[in-house]
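Remarks on the structure that follows.
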Amino acid sequence: QVQLVESGGGLVQPGGSLRLSCLPSESIFNFNSMGWYRQTPGKERELVATITLSGMIHYTDSDFVKDRFIPSRDNKKNTIYLQLNSLKPEDTGVYYCNARYLSEQYWGQGTQVTVSS
């Protein structure tokens, strides 16, 4: 069973930054894509961004990203990241790593991001 281990969440003040990490239990190149979703209070889980096997990045159509959230991948470390900048209180929520291979998809346990003064 594929495991995705996220880290990097925490408490940050408005305007601050965090970098989330996701380490899969097997090679990132075993997946068609990997990416990040989030679930904020009272809302359904939503896409933030994904990175395909070839390295292409696809962002959500929603406005909340607006160049603030930047996904990346380190092939040598077999890890994907999500850089969160200019954080706002409404970004508070659980951020999930996701991996897809054909019709299968896998989820991490989620990492809590809290933006508060």
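Simple scheme: letters A, B, ... for chains in structure tokens order, numbers from 1 for residues in each chain, numbers from 1 for ligands in the order shown.
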Identify all residues of chain A in strand (DSSP E) (DSSP on the backbone) and supply them as a PyMOL selection string. chain A and resi 4-7+10-12+18-24+33-39+46-52+57-59+69-74+79-84+93-101+104-107+111-115
Give me every helix (DSSP H, G or I) residue in chain A, going by DSSP on the backbone, as a PyMOL selection string. chain A and resi 28-30+89-91
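Proximity of A:Val65, A:Val48, A:Leu53, A:Val115 to Tyr96 in chain A, computed with only C-alpha atoms, is greatest for A:Val48.
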Against range 77-94 of chain A, which residues of range 29-56 of chain A fall within 8 Å? For each one I want the closest pair of atoms and the distance in Å (one decimal), counting only C-alpha atoms, rows by chain and increasing residue number, as a Markdown table.
| residue | atom | partner | partner_atom | distance |
| --- | --- | --- | --- | --- |
| A:Met34 | CA | A:Ile80 | CA | 7.8 |
| A:Gly35 | CA | A:Ile80 | CA | 7.8 |
| A:Trp36 | CA | A:Leu82 | CA | 7.4 |
| A:Arg38 | CA | A:Val94 | CA | 5.5 |
| A:Gln39 | CA | A:Val94 | CA | 5.3 |
| A:Thr40 | CA | A:Gly93 | CA | 4.2 |
| A:Pro41 | CA | A:Gly93 | CA | 6.3 |
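If only C-alpha atoms are the atoms counted, then among A:Ser54, A:Ser117, A:Ser33, A:Ser72 the closest residue to Ser103 in chain A is A:Ser33.
The smallest atom-to-atom distance between Gly16 in chain A and any of A:Gly108, A:Arg68, A:Ala49, A:Asn98, using only C-alpha atoms, is found for A:Arg68.
Taking CA of Val2 in chain A and CA of Gln105 in chain A as endpoints, the distance between them is 9.3 Å.
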One residue among A:Ile28, A:Gln1, A:Gln13, A:Arg45 is nearest to Glu104 in chain A when using only C-alpha atoms, and that residue is A:Gln1
